[in-house]
There are 2 protein chains.
Amino acid sequence: MKKLINAPESVLADALAGIAAAHPDLAVDKEARIITRAGAAASGKVALVSGGGSGHEPLHGGFVGHGMLSAACPGEVFTSPVPDQMLAAARAVDRGAGVVFIVKNYTGDVMNFEMAADLAADDGISVATVLVDDDVAVKDSTWTAGRRGTGATVLVEKIAGALAEAGGDLAAVAELGTRVNKASRSFAVALTACTTPASGKPGFDLGEDEMEVGVGIHGEPGRSREKLRPAAEIVGIALDAILADHDLTAGDEVIVLANGLGGTPLIELYVVFAEVAAILAAQGIRIARSLVGNYVTSLDMAGVSLTVCKADEQMLALWDAPVNTPALRWGV
Amino acid sequence: MKKLINAPESVLADALAGIAAAHPDLAVDKEARIITRAGAAASGKVALVSGGGSGHEPLHGGFVGHGMLSAACPGEVFTSPVPDQMLAAARAVDRGAGVVFIVKNYTGDVMNFEMAADLAADDGISVATVLVDDDVAVKDSTWTAGRRGTGATVLVEKIAGALAEAGGDLAAVAELGTRVNKASRSFAVALTACTTPASGKPGFDLGEDEMEVGVGIHGEPGRSREKLRPAAEIVGIALDAILADHDLTAGDEVIVLANGLGGTPLIELYVVFAEVAAILAAQGIRIARSLVGNYVTSLDMAGVSLTVCKADEQMLALWDAPVNTPALRWGV
């Protein structure tokens, strides 16, 4: 295993120290393992809390800041955070208007966020939950009942976060987050497996000429293992799966995320995005907004995930609203 | 070789198509192979042009935009662009106030930018050149006479770009760019070699327990090949080399870039940055600003480069000035 770490057991603590040192706009509680915005939150606004296993950076800590998350709870690598973290985050950021939990659909995360919501309710904090389950590749995979939550998380956090910043109430913010998730579909292809610090070896074996089609963000199995193909064909496979599950028609506007899984150079993501643009253009679907880069990673996995969200005017306006986080920043 | 590409010979053209599709604020001339800002440049301002081999994305195209570069000229992977590209870029962006060429110190780039400067002068365009040679690892390496240009390029482009945007004249912008370079030192460590699309195999062999200390951004040899060590020790080696060559003393303010080489997960870069912050703090050196992420990559190489720039008040103020590019964006 080749990693820039001190020891497998200290990765999360060391990374949190680095996040604290790099981002003065964030407050990192290394004991409670929560990342919040530095300074007092505006009172009366709905707070957004997300979290999940580490190893997907910048998700979620990199999305804490004005216009997006109020707090993030990072678990150990590929391991759900515990309810106490989520409860501490909810207590830290609730300003009386309630808290939205944004939860990727993995069994551990769902269970722990549910427990935290119960504990928060006992504290008098109103909690609504948005479940993200955008990955069309498989149903009931490793660690998941139903579909897995992946790239759409970024879109949900950005768009719902903008509504919360604009003063939307708890029900409206949660409803919008759910609507963004329902409007989104994702599909990923891995060229290599990722290696967790704890295991020290790749999570699965992939031949020198093979790719995993429909892979999950922890290296969960996809739909098939196939021979590696040119980028245009790989994008074709991913978009076929996405569009077959979607209700897009010519004239629709979409937000597209071409997301690197951690070990893929940016030049390759641009090659991929060119193919995405060509295929969608041929179908009359307009890419209204896009992100190309590493947003929801899988440690050192080489590969790409594509997310397509059918966006209405409200979503686009909120997408464009100011955001000031380590990983997404514009308008401020 | 596992890459998300269509064919080795089409990587640059395909990536340019992706950049064009992803960034409506940029204008991509696929024939001339130059990337400029969309829309007309403000007249009377100095223009900044940079370029170099591809494979280092987001450098340089990702730094084109308000407050930073006026144009970028991407060559083939790890290959200098040709003088005609640089001349076309200078012609496209000169508004009568002259053009600054920002050139990383590699023999081919230096020669081609010099030829382009002569051609531009024949056209009546005033050109000044800033040479970036911040890598303290080695002198006279593969493809280089003198030191290699690496991470400081981002700082030079940001800070000199802000002065140009503020109306600085040609001499002042070039002088500042040179001053930022002289105030910066970099050092890189690779855990894996990178693979160019054309060669299809890693540029050098590195054992399962080895790292290349002082590596160049094309995989050029460094100072030594050593056993892999914990992140704290790797950072210690890199900062020792940087600080031994620098004139930093307690109380100084620095800008630090902790830069991923393309195949390194962000969580590891944060682990690295925590060690950087601890070492500099122990010496009384204050990190006034920082970047943690992938800015000057080497295709899929795993590893990190550190850049430390001794920053004066003017540099910090210009660092904070608004910038609106794909890879750096704040204040707008």
# chains A, B, ... in the order shown; residues from 1 in each chain; ligands from 1
>>> residues_around(residues="A:Lys104", least_positions_apart="6", cutoff="6 Å", atoms="only C-alpha atoms", output="list in words")
Leu131, Val132 and Gly149 of chain A
>>> write_last_selection(atoms="C-alpha atoms", output="PDB file, in the first residue's frame")
ATOM      1  CA  LEU A 131     -32.318  10.272   1.529  1.00  0.00           C
ATOM      2  CA  VAL A 132     -30.047  10.245  -1.522  1.00  0.00           C
ATOM      3  CA  GLY A 149     -26.341   7.369  -2.853  1.00  0.00           C
TER       4      GLY A 149
END
>>> residues_around(residues="stretch 287-299 of chain A", least_positions_apart="5", cutoff="7 Å", atoms="only C-alpha atoms", output="VMD selection string")
(chain A and resid 55 to 59 151 194 217 to 218 253 to 262 266 269) or (chain B and resid 22 265)
>>> write_last_selection(atoms="all heavy atoms", output="compact mmCIF listing (two decimals), in the first residue's frame")
# COMPACT_ATOMS: atom_id res chain seq x y z
N GLY A 55 -13.04 9.15 3.06
CA GLY A 55 -12.50 8.54 1.85
C GLY A 55 -13.18 9.03 0.59
O GLY A 55 -12.82 8.61 -0.52
N HIS A 56 -14.17 9.92 0.75
CA HIS A 56 -14.90 10.47 -0.40
C HIS A 56 -14.63 11.98 -0.57
O HIS A 56 -15.39 12.67 -1.25
CB HIS A 56 -16.40 10.26 -0.23
CG HIS A 56 -16.79 8.85 0.05
ND1 HIS A 56 -16.52 7.83 -0.83
CD2 HIS A 56 -17.41 8.28 1.11
CE1 HIS A 56 -16.97 6.69 -0.32
NE2 HIS A 56 -17.51 6.94 0.86
N GLU A 57 -13.58 12.49 0.04
CA GLU A 57 -13.33 13.92 0.05
C GLU A 57 -13.28 14.50 -1.37
O GLU A 57 -12.78 13.84 -2.26
CB GLU A 57 -12.00 14.18 0.76
CG GLU A 57 -12.04 13.92 2.26
CD GLU A 57 -12.16 12.43 2.58
OE1 GLU A 57 -11.76 11.60 1.75
OE2 GLU A 57 -12.66 12.12 3.66
N PRO A 58 -13.79 15.73 -1.57
CA PRO A 58 -14.19 16.70 -0.56
C PRO A 58 -15.52 16.42 0.15
O PRO A 58 -15.82 17.11 1.11
CB PRO A 58 -14.30 18.01 -1.36
CG PRO A 58 -14.61 17.57 -2.75
CD PRO A 58 -13.84 16.29 -2.93
N LEU A 59 -16.35 15.50 -0.31
CA LEU A 59 -17.55 15.13 0.43
C LEU A 59 -17.16 14.66 1.83
O LEU A 59 -16.27 13.83 1.94
CB LEU A 59 -18.24 13.99 -0.33
CG LEU A 59 -19.65 13.60 0.06
CD1 LEU A 59 -20.65 14.56 -0.56
CD2 LEU A 59 -19.96 12.18 -0.36
N GLY A 151 -23.20 10.69 -6.49
CA GLY A 151 -22.91 12.06 -6.93
C GLY A 151 -24.03 13.06 -6.71
O GLY A 151 -23.76 14.26 -6.53
N CYS A 194 -10.00 0.65 -5.25
CA CYS A 194 -9.37 1.50 -4.24
C CYS A 194 -8.88 0.65 -3.09
O CYS A 194 -9.33 -0.48 -2.88
CB CYS A 194 -10.34 2.56 -3.75
SG CYS A 194 -11.89 1.93 -3.09
N ILE A 217 -19.20 3.55 -4.68
CA ILE A 217 -18.12 4.44 -4.23
C ILE A 217 -17.25 3.82 -3.14
O ILE A 217 -16.33 4.46 -2.65
CB ILE A 217 -18.65 5.82 -3.76
CG1 ILE A 217 -19.67 5.68 -2.62
CG2 ILE A 217 -19.23 6.60 -4.91
CD1 ILE A 217 -20.05 7.03 -2.01
N HIS A 218 -17.55 2.60 -2.72
CA HIS A 218 -16.64 1.89 -1.84
C HIS A 218 -16.03 0.69 -2.56
O HIS A 218 -15.44 -0.18 -1.93
CB HIS A 218 -17.37 1.39 -0.59
CG HIS A 218 -18.22 2.41 0.06
ND1 HIS A 218 -19.55 2.58 -0.25
CD2 HIS A 218 -17.92 3.37 0.97
CE1 HIS A 218 -20.04 3.59 0.47
NE2 HIS A 218 -19.07 4.08 1.21
N GLU A 253 -33.46 20.74 -19.59
CA GLU A 253 -32.19 21.27 -19.11
C GLU A 253 -31.69 20.40 -17.96
O GLU A 253 -32.48 19.99 -17.10
CB GLU A 253 -32.37 22.71 -18.61
CG GLU A 253 -32.71 23.66 -19.74
CD GLU A 253 -32.43 25.10 -19.36
OE1 GLU A 253 -32.91 25.52 -18.29
OE2 GLU A 253 -31.73 25.79 -20.12
N VAL A 254 -30.38 20.16 -17.96
CA VAL A 254 -29.81 19.29 -16.93
C VAL A 254 -28.57 19.92 -16.31
O VAL A 254 -27.90 20.76 -16.92
CB VAL A 254 -29.43 17.89 -17.49
CG1 VAL A 254 -30.68 17.14 -17.92
CG2 VAL A 254 -28.45 18.01 -18.65
N ILE A 255 -28.31 19.51 -15.08
CA ILE A 255 -27.03 19.75 -14.44
C ILE A 255 -26.26 18.44 -14.51
O ILE A 255 -26.79 17.39 -14.16
CB ILE A 255 -27.20 20.17 -12.97
CG1 ILE A 255 -28.08 21.43 -12.87
CG2 ILE A 255 -25.84 20.42 -12.30
CD1 ILE A 255 -28.45 21.82 -11.43
N VAL A 256 -25.02 18.51 -14.99
CA VAL A 256 -24.21 17.30 -15.14
C VAL A 256 -22.97 17.39 -14.25
O VAL A 256 -22.28 18.41 -14.24
CB VAL A 256 -23.76 17.11 -16.61
CG1 VAL A 256 -22.78 15.93 -16.72
CG2 VAL A 256 -24.96 16.88 -17.51
N LEU A 257 -22.72 16.33 -13.53
CA LEU A 257 -21.50 16.19 -12.76
C LEU A 257 -20.67 15.07 -13.38
O LEU A 257 -21.13 13.93 -13.44
CB LEU A 257 -21.85 15.86 -11.30
CG LEU A 257 -20.73 15.43 -10.35
CD1 LEU A 257 -19.65 16.50 -10.23
CD2 LEU A 257 -21.30 15.11 -8.96
N ALA A 258 -19.48 15.42 -13.87
CA ALA A 258 -18.51 14.41 -14.32
C ALA A 258 -17.45 14.33 -13.24
O ALA A 258 -16.60 15.20 -13.13
CB ALA A 258 -17.91 14.79 -15.67
N ASN A 259 -17.56 13.29 -12.45
CA ASN A 259 -16.86 13.22 -11.17
C ASN A 259 -15.73 12.20 -11.19
O ASN A 259 -15.95 11.02 -11.48
CB ASN A 259 -17.89 12.83 -10.09
CG ASN A 259 -17.26 12.57 -8.75
OD1 ASN A 259 -16.65 13.46 -8.17
ND2 ASN A 259 -17.38 11.33 -8.28
N GLY A 260 -14.54 12.63 -10.86
CA GLY A 260 -13.41 11.71 -10.75
C GLY A 260 -13.47 10.95 -9.44
O GLY A 260 -13.86 11.49 -8.41
N LEU A 261 -13.06 9.68 -9.47
CA LEU A 261 -13.18 8.84 -8.28
C LEU A 261 -11.95 8.92 -7.38
O LEU A 261 -11.86 8.21 -6.39
CB LEU A 261 -13.49 7.40 -8.69
CG LEU A 261 -14.84 7.23 -9.41
CD1 LEU A 261 -15.08 5.78 -9.81
CD2 LEU A 261 -15.98 7.73 -8.54
N GLY A 262 -11.01 9.79 -7.70
CA GLY A 262 -9.88 10.03 -6.80
C GLY A 262 -8.52 9.82 -7.45
O GLY A 262 -7.57 10.52 -7.16
N LEU A 266 -7.44 15.00 -14.25
CA LEU A 266 -8.45 15.92 -14.76
C LEU A 266 -8.53 15.89 -16.29
O LEU A 266 -9.62 16.03 -16.86
CB LEU A 266 -8.14 17.34 -14.27
CG LEU A 266 -9.14 18.44 -14.56
CD1 LEU A 266 -10.53 18.11 -14.08
CD2 LEU A 266 -8.66 19.76 -13.94
N LEU A 269 -11.02 13.46 -17.27
CA LEU A 269 -12.40 13.87 -16.99
C LEU A 269 -12.91 14.81 -18.08
O LEU A 269 -14.10 14.78 -18.43
CB LEU A 269 -12.50 14.52 -15.62
CG LEU A 269 -12.14 13.63 -14.42
CD1 LEU A 269 -12.28 14.41 -13.12
CD2 LEU A 269 -13.01 12.38 -14.39
N ALA B 22 -17.45 22.40 -20.93
CA ALA B 22 -17.66 22.56 -19.48
C ALA B 22 -17.61 24.01 -19.02
O ALA B 22 -18.19 24.34 -17.99
CB ALA B 22 -16.61 21.75 -18.72
N PRO B 265 -5.44 10.90 -3.34
CA PRO B 265 -6.74 11.34 -2.80
C PRO B 265 -6.59 12.58 -1.92
O PRO B 265 -5.56 12.76 -1.25
CB PRO B 265 -7.19 10.15 -1.95
CG PRO B 265 -6.35 9.00 -2.36
CD PRO B 265 -5.08 9.56 -2.88
>>> select_by_dssp(residues="stretch 30-277 of chain A", states="strand (DSSP E or B)", output="VMD selection string")
chain A and resid 34 to 37 47 to 54 64 66 69 71 to 77 99 to 104 127 to 132 135 184 to 190 195 202 210 to 213 224 to 227 253 to 260 262
>>> select_by_dssp(residues="stretch 53-236 of chain A", states="helix (DSSP H, G or I)", output="PyMOL selection string")
chain A and resi 61-63+83-93+107-122+152-165+170-182+231-236
>>> closest_residue(among="B:Lys201, B:His60, B:Lys158, B:Arg95", to="B:Pro81", atoms="only C-alpha atoms")
B:His60
>>> interface_residues(of="chain A", to="chain B", cutoff="7 Å", atoms="only C-alpha atoms", output="ChimeraX atom specification")
/A:2,4-6,11,14-15,17-19,21-22,55,57-58,191,230-232,262-268,270-274,277,290,299-300,329-332
>>> residues_around(residues="B:Val46", least_positions_apart="4", cutoff="9 Å", atoms="only C-alpha atoms", output="number ranges by chain")
B: 70, 93-100, 161, 163-165, 167-170, 173
>>> write_last_selection(atoms="N, CA, C and O atoms", output="mmCIF file, in the first residue's frame")
data_model
loop_
_atom_site.group_PDB
_atom_site.id
_atom_site.type_symbol
_atom_site.label_atom_id
_atom_site.label_comp_id
_atom_site.auth_asym_id
_atom_site.auth_seq_id
_atom_site.Cartn_x
_atom_site.Cartn_y
_atom_site.Cartn_z
ATOM 1 N N SER B 70 -4.855 35.434 -19.292
ATOM 2 C CA SER B 70 -5.658 35.844 -20.447
ATOM 3 C C SER B 70 -5.767 34.702 -21.446
ATOM 4 O O SER B 70 -6.775 34.588 -22.156
ATOM 5 N N VAL B 93 -4.945 38.214 -27.376
ATOM 6 C CA VAL B 93 -5.235 38.868 -26.090
ATOM 7 C C VAL B 93 -4.562 40.221 -25.904
ATOM 8 O O VAL B 93 -4.927 40.956 -24.980
ATOM 9 N N ASP B 94 -3.596 40.564 -26.747
ATOM 10 C CA ASP B 94 -2.948 41.875 -26.569
ATOM 11 C C ASP B 94 -3.943 42.991 -26.850
ATOM 12 O O ASP B 94 -4.658 42.972 -27.844
ATOM 13 N N ARG B 95 -4.005 43.954 -25.914
ATOM 14 C CA ARG B 95 -4.882 45.115 -26.085
ATOM 15 C C ARG B 95 -4.061 46.393 -26.074
ATOM 16 O O ARG B 95 -4.520 47.440 -25.648
ATOM 17 N N GLY B 96 -2.791 46.251 -26.497
ATOM 18 C CA GLY B 96 -1.941 47.426 -26.616
ATOM 19 C C GLY B 96 -1.069 47.687 -25.404
ATOM 20 O O GLY B 96 -0.149 48.508 -25.458
ATOM 21 N N ALA B 97 -1.358 46.978 -24.311
ATOM 22 C CA ALA B 97 -0.573 47.203 -23.096
ATOM 23 C C ALA B 97 0.527 46.165 -22.923
ATOM 24 O O ALA B 97 1.296 46.215 -21.969
ATOM 25 N N GLY B 98 0.595 45.234 -23.868
ATOM 26 C CA GLY B 98 1.652 44.237 -23.818
ATOM 27 C C GLY B 98 1.211 42.918 -23.214
ATOM 28 O O GLY B 98 0.107 42.801 -22.666
ATOM 29 N N VAL B 99 2.083 41.933 -23.365
ATOM 30 C CA VAL B 99 1.791 40.559 -22.956
ATOM 31 C C VAL B 99 2.939 40.029 -22.098
ATOM 32 O O VAL B 99 4.104 40.192 -22.450
ATOM 33 N N VAL B 100 2.581 39.400 -20.979
ATOM 34 C CA VAL B 100 3.578 38.705 -20.162
ATOM 35 C C VAL B 100 3.483 37.212 -20.455
ATOM 36 O O VAL B 100 2.410 36.617 -20.317
ATOM 37 N N GLY B 161 -1.473 38.056 -12.246
ATOM 38 C CA GLY B 161 -2.744 38.255 -12.931
ATOM 39 C C GLY B 161 -3.611 39.293 -12.240
ATOM 40 O O GLY B 161 -4.311 40.084 -12.890
ATOM 41 N N LEU B 163 -2.498 41.818 -10.481
ATOM 42 C CA LEU B 163 -1.936 43.147 -10.725
ATOM 43 C C LEU B 163 -2.285 43.631 -12.130
ATOM 44 O O LEU B 163 -2.616 44.808 -12.328
ATOM 45 N N ALA B 164 -2.245 42.725 -13.090
ATOM 46 C CA ALA B 164 -2.632 43.103 -14.455
ATOM 47 C C ALA B 164 -4.092 43.550 -14.482
ATOM 48 O O ALA B 164 -4.446 44.547 -15.117
ATOM 49 N N GLU B 165 -4.937 42.816 -13.763
ATOM 50 C CA GLU B 165 -6.359 43.174 -13.728
ATOM 51 C C GLU B 165 -6.567 44.541 -13.078
ATOM 52 O O GLU B 165 -7.482 45.292 -13.441
ATOM 53 N N GLY B 167 -4.628 46.974 -13.382
ATOM 54 C CA GLY B 167 -4.099 48.051 -14.225
ATOM 55 C C GLY B 167 -2.591 48.233 -14.178
ATOM 56 O O GLY B 167 -2.067 49.192 -14.748
ATOM 57 N N GLY B 168 -1.888 47.315 -13.540
ATOM 58 C CA GLY B 168 -0.419 47.395 -13.519
ATOM 59 C C GLY B 168 0.150 47.367 -14.935
ATOM 60 O O GLY B 168 -0.398 46.707 -15.813
ATOM 61 N N ASP B 169 1.246 48.087 -15.145
ATOM 62 C CA ASP B 169 1.816 48.098 -16.502
ATOM 63 C C ASP B 169 2.725 46.887 -16.728
ATOM 64 O O ASP B 169 2.983 46.101 -15.814
ATOM 65 N N LEU B 170 3.190 46.756 -17.970
ATOM 66 C CA LEU B 170 3.911 45.543 -18.367
ATOM 67 C C LEU B 170 5.124 45.291 -17.478
ATOM 68 O O LEU B 170 5.335 44.167 -16.998
ATOM 69 N N VAL B 173 4.005 44.229 -13.880
ATOM 70 C CA VAL B 173 3.432 42.884 -13.788
ATOM 71 C C VAL B 173 4.535 41.832 -13.918
ATOM 72 O O VAL B 173 4.583 40.858 -13.154
#
>>> atom_distance(atom1="atom CA of B:Glu9", atom2="atom CA of B:Thr153")
27.0 Å
>>> residues_around(residues="A:Ile35", least_positions_apart="3", cutoff="10 Å", atoms="only C-alpha atoms", output="ChimeraX atom specification")
/A:16,19-20,26-30,32,38,49,51,60-65,69-74,89,92
>>> atom_distance(atom1="atom CA of A:Asp134", atom2="atom CA of A:Asp205")
25.6 Å
>>> residues_around(residues="A:Leu119", least_positions_apart="3", cutoff="12 Å", atoms="only C-alpha atoms", output="number ranges by chain")
A: 83-91, 112-116, 122-127
>>> write_last_selection(atoms="N, CA and C atoms", output="PDB file, in the first residue's frame")
ATOM      1  N   PRO A  83     -24.200   7.984  15.758  1.00  0.00           N
ATOM      2  CA  PRO A  83     -25.294   8.922  16.064  1.00  0.00           C
ATOM      3  C   PRO A  83     -24.846  10.094  16.943  1.00  0.00           C
ATOM      4  N   ASP A  84     -23.912   9.848  17.868  1.00  0.00           N
ATOM      5  CA  ASP A  84     -23.459  10.939  18.731  1.00  0.00           C
ATOM      6  C   ASP A  84     -22.846  12.088  17.937  1.00  0.00           C
ATOM      7  N   GLN A  85     -22.140  11.758  16.849  1.00  0.00           N
ATOM      8  CA  GLN A  85     -21.575  12.816  16.004  1.00  0.00           C
ATOM      9  C   GLN A  85     -22.670  13.658  15.366  1.00  0.00           C
ATOM     10  N   MET A  86     -23.656  12.954  14.838  1.00  0.00           N
ATOM     11  CA  MET A  86     -24.752  13.641  14.143  1.00  0.00           C
ATOM     12  C   MET A  86     -25.551  14.500  15.127  1.00  0.00           C
ATOM     13  N   LEU A  87     -25.741  13.944  16.336  1.00  0.00           N
ATOM     14  CA  LEU A  87     -26.464  14.698  17.358  1.00  0.00           C
ATOM     15  C   LEU A  87     -25.666  15.940  17.762  1.00  0.00           C
ATOM     16  N   ALA A  88     -24.359  15.770  17.950  1.00  0.00           N
ATOM     17  CA  ALA A  88     -23.510  16.923  18.301  1.00  0.00           C
ATOM     18  C   ALA A  88     -23.571  17.979  17.201  1.00  0.00           C
ATOM     19  N   ALA A  89     -23.574  17.524  15.944  1.00  0.00           N
ATOM     20  CA  ALA A  89     -23.652  18.464  14.819  1.00  0.00           C
ATOM     21  C   ALA A  89     -24.989  19.192  14.836  1.00  0.00           C
ATOM     22  N   ALA A  90     -26.081  18.454  15.038  1.00  0.00           N
ATOM     23  CA  ALA A  90     -27.407  19.071  15.049  1.00  0.00           C
ATOM     24  C   ALA A  90     -27.501  20.103  16.166  1.00  0.00           C
ATOM     25  N   ARG A  91     -26.973  19.738  17.341  1.00  0.00           N
ATOM     26  CA  ARG A  91     -26.998  20.696  18.456  1.00  0.00           C
ATOM     27  C   ARG A  91     -26.170  21.928  18.134  1.00  0.00           C
ATOM     28  N   ASN A 112     -27.917   5.036  11.546  1.00  0.00           N
ATOM     29  CA  ASN A 112     -27.328   5.964  12.516  1.00  0.00           C
ATOM     30  C   ASN A 112     -27.963   7.350  12.444  1.00  0.00           C
ATOM     31  N   PHE A 113     -28.268   7.806  11.243  1.00  0.00           N
ATOM     32  CA  PHE A 113     -28.946   9.109  11.139  1.00  0.00           C
ATOM     33  C   PHE A 113     -30.360   9.027  11.720  1.00  0.00           C
ATOM     34  N   GLU A 114     -31.015   7.872  11.597  1.00  0.00           N
ATOM     35  CA  GLU A 114     -32.342   7.716  12.208  1.00  0.00           C
ATOM     36  C   GLU A 114     -32.261   7.802  13.730  1.00  0.00           C
ATOM     37  N   MET A 115     -31.264   7.138  14.287  1.00  0.00           N
ATOM     38  CA  MET A 115     -31.085   7.200  15.738  1.00  0.00           C
ATOM     39  C   MET A 115     -30.786   8.631  16.178  1.00  0.00           C
ATOM     40  N   ALA A 116     -29.955   9.306  15.398  1.00  0.00           N
ATOM     41  CA  ALA A 116     -29.607  10.688  15.744  1.00  0.00           C
ATOM     42  C   ALA A 116     -30.830  11.594  15.655  1.00  0.00           C
ATOM     43  N   ASP A 122     -35.679  14.305  20.917  1.00  0.00           N
ATOM     44  CA  ASP A 122     -35.749  14.328  22.386  1.00  0.00           C
ATOM     45  C   ASP A 122     -35.209  15.650  22.929  1.00  0.00           C
ATOM     46  N   ASP A 123     -34.297  16.241  22.184  1.00  0.00           N
ATOM     47  CA  ASP A 123     -33.706  17.528  22.565  1.00  0.00           C
ATOM     48  C   ASP A 123     -34.567  18.713  22.132  1.00  0.00           C
ATOM     49  N   GLY A 124     -35.633  18.429  21.426  1.00  0.00           N
ATOM     50  CA  GLY A 124     -36.486  19.504  20.937  1.00  0.00           C
ATOM     51  C   GLY A 124     -36.045  20.094  19.618  1.00  0.00           C
ATOM     52  N   ILE A 125     -35.163  19.375  18.908  1.00  0.00           N
ATOM     53  CA  ILE A 125     -34.708  19.859  17.600  1.00  0.00           C
ATOM     54  C   ILE A 125     -35.556  19.191  16.518  1.00  0.00           C
ATOM     55  N   SER A 126     -36.150  19.997  15.636  1.00  0.00           N
ATOM     56  CA  SER A 126     -36.927  19.441  14.530  1.00  0.00           C
ATOM     57  C   SER A 126     -35.978  18.953  13.451  1.00  0.00           C
ATOM     58  N   VAL A 127     -36.130  17.706  13.053  1.00  0.00           N
ATOM     59  CA  VAL A 127     -35.247  17.132  12.036  1.00  0.00           C
ATOM     60  C   VAL A 127     -36.077  16.593  10.878  1.00  0.00           C
TER      61      VAL A 127
END
>>> closest_residue(among="B:Asp118, B:Ile237, B:Ala162, B:Gly177", to="B:Arg223", atoms="only C-alpha atoms")
B:Ile237
>>> atom_distance(atom1="atom CA of B:Leu176", atom2="atom CA of B:Ala160")
6.1 Å
>>> residues_around(residues="stretch 136-144 of chain B", least_positions_apart="4", cutoff="9 Å", atoms="only C-alpha atoms", output="PyMOL selection string")
chain B and resi 105-108+148+185-188+213-216+220-223+238+241-242+245
>>> write_last_selection(atoms="N, CA and C atoms", output="CSV table (one decimal), in the first residue's frame")
chain,number,residue,atom,x,y,z
B,105,ASN,N,10.4,26.6,-16.5
B,105,ASN,CA,11.8,26.4,-16.9
B,105,ASN,C,12.1,25.0,-17.4
B,106,TYR,N,11.7,24.7,-18.7
B,106,TYR,CA,12.0,23.5,-19.4
B,106,TYR,C,12.6,23.9,-20.7
B,107,THR,N,13.6,23.2,-21.2
B,107,THR,CA,14.3,23.7,-22.4
B,107,THR,C,13.4,24.0,-23.5
B,108,GLY,N,12.5,23.1,-23.8
B,108,GLY,CA,11.6,23.3,-25.0
B,108,GLY,C,10.7,24.5,-24.8
B,148,ARG,N,13.8,23.3,-12.2
B,148,ARG,CA,12.5,23.1,-12.9
B,148,ARG,C,11.4,24.1,-12.4
B,185,ARG,N,9.7,28.3,-3.2
B,185,ARG,CA,10.5,27.1,-3.4
B,185,ARG,C,9.5,25.9,-3.3
B,186,SER,N,9.8,24.9,-4.1
B,186,SER,CA,9.0,23.7,-4.2
B,186,SER,C,9.8,22.4,-4.1
B,187,PHE,N,9.1,21.4,-3.7
B,187,PHE,CA,9.8,20.1,-3.6
B,187,PHE,C,8.7,19.0,-3.7
B,188,ALA,N,8.9,17.9,-4.5
B,188,ALA,CA,7.9,16.9,-4.7
B,188,ALA,C,8.4,15.5,-4.4
B,213,VAL,N,12.2,10.8,-4.3
B,213,VAL,CA,12.2,12.0,-3.5
B,213,VAL,C,12.8,13.1,-4.3
B,214,GLY,N,12.0,14.2,-4.6
B,214,GLY,CA,12.5,15.3,-5.4
B,214,GLY,C,12.1,15.1,-6.9
B,215,VAL,N,11.1,14.3,-7.1
B,215,VAL,CA,10.6,14.0,-8.5
B,215,VAL,C,10.2,15.3,-9.3
B,216,GLY,N,10.3,15.2,-10.6
B,216,GLY,CA,9.8,16.3,-11.4
B,216,GLY,C,8.4,16.0,-11.9
B,220,GLU,N,10.6,13.1,-13.9
B,220,GLU,CA,12.1,13.2,-14.0
B,220,GLU,C,12.7,12.8,-12.6
B,221,PRO,N,13.9,12.2,-12.7
B,221,PRO,CA,14.5,11.7,-11.4
B,221,PRO,C,14.6,12.8,-10.4
B,222,GLY,N,14.6,12.4,-9.1
B,222,GLY,CA,14.8,13.4,-8.1
B,222,GLY,C,16.1,13.3,-7.5
B,223,ARG,N,16.2,13.5,-6.1
B,223,ARG,CA,17.5,13.4,-5.4
B,223,ARG,C,17.8,12.0,-5.0
B,238,ALA,N,10.7,17.1,2.6
B,238,ALA,CA,10.4,18.1,1.6
B,238,ALA,C,10.6,19.5,2.2
B,241,ALA,N,14.3,20.5,2.6
B,241,ALA,CA,14.9,20.9,1.4
B,241,ALA,C,14.5,22.3,1.0
B,242,ILE,N,13.2,22.6,1.2
B,242,ILE,CA,12.7,24.0,0.9
B,242,ILE,C,13.3,25.0,1.8
B,245,ASP,N,16.9,26.1,1.5
B,245,ASP,CA,17.2,26.9,0.3
B,245,ASP,C,16.5,28.3,0.4
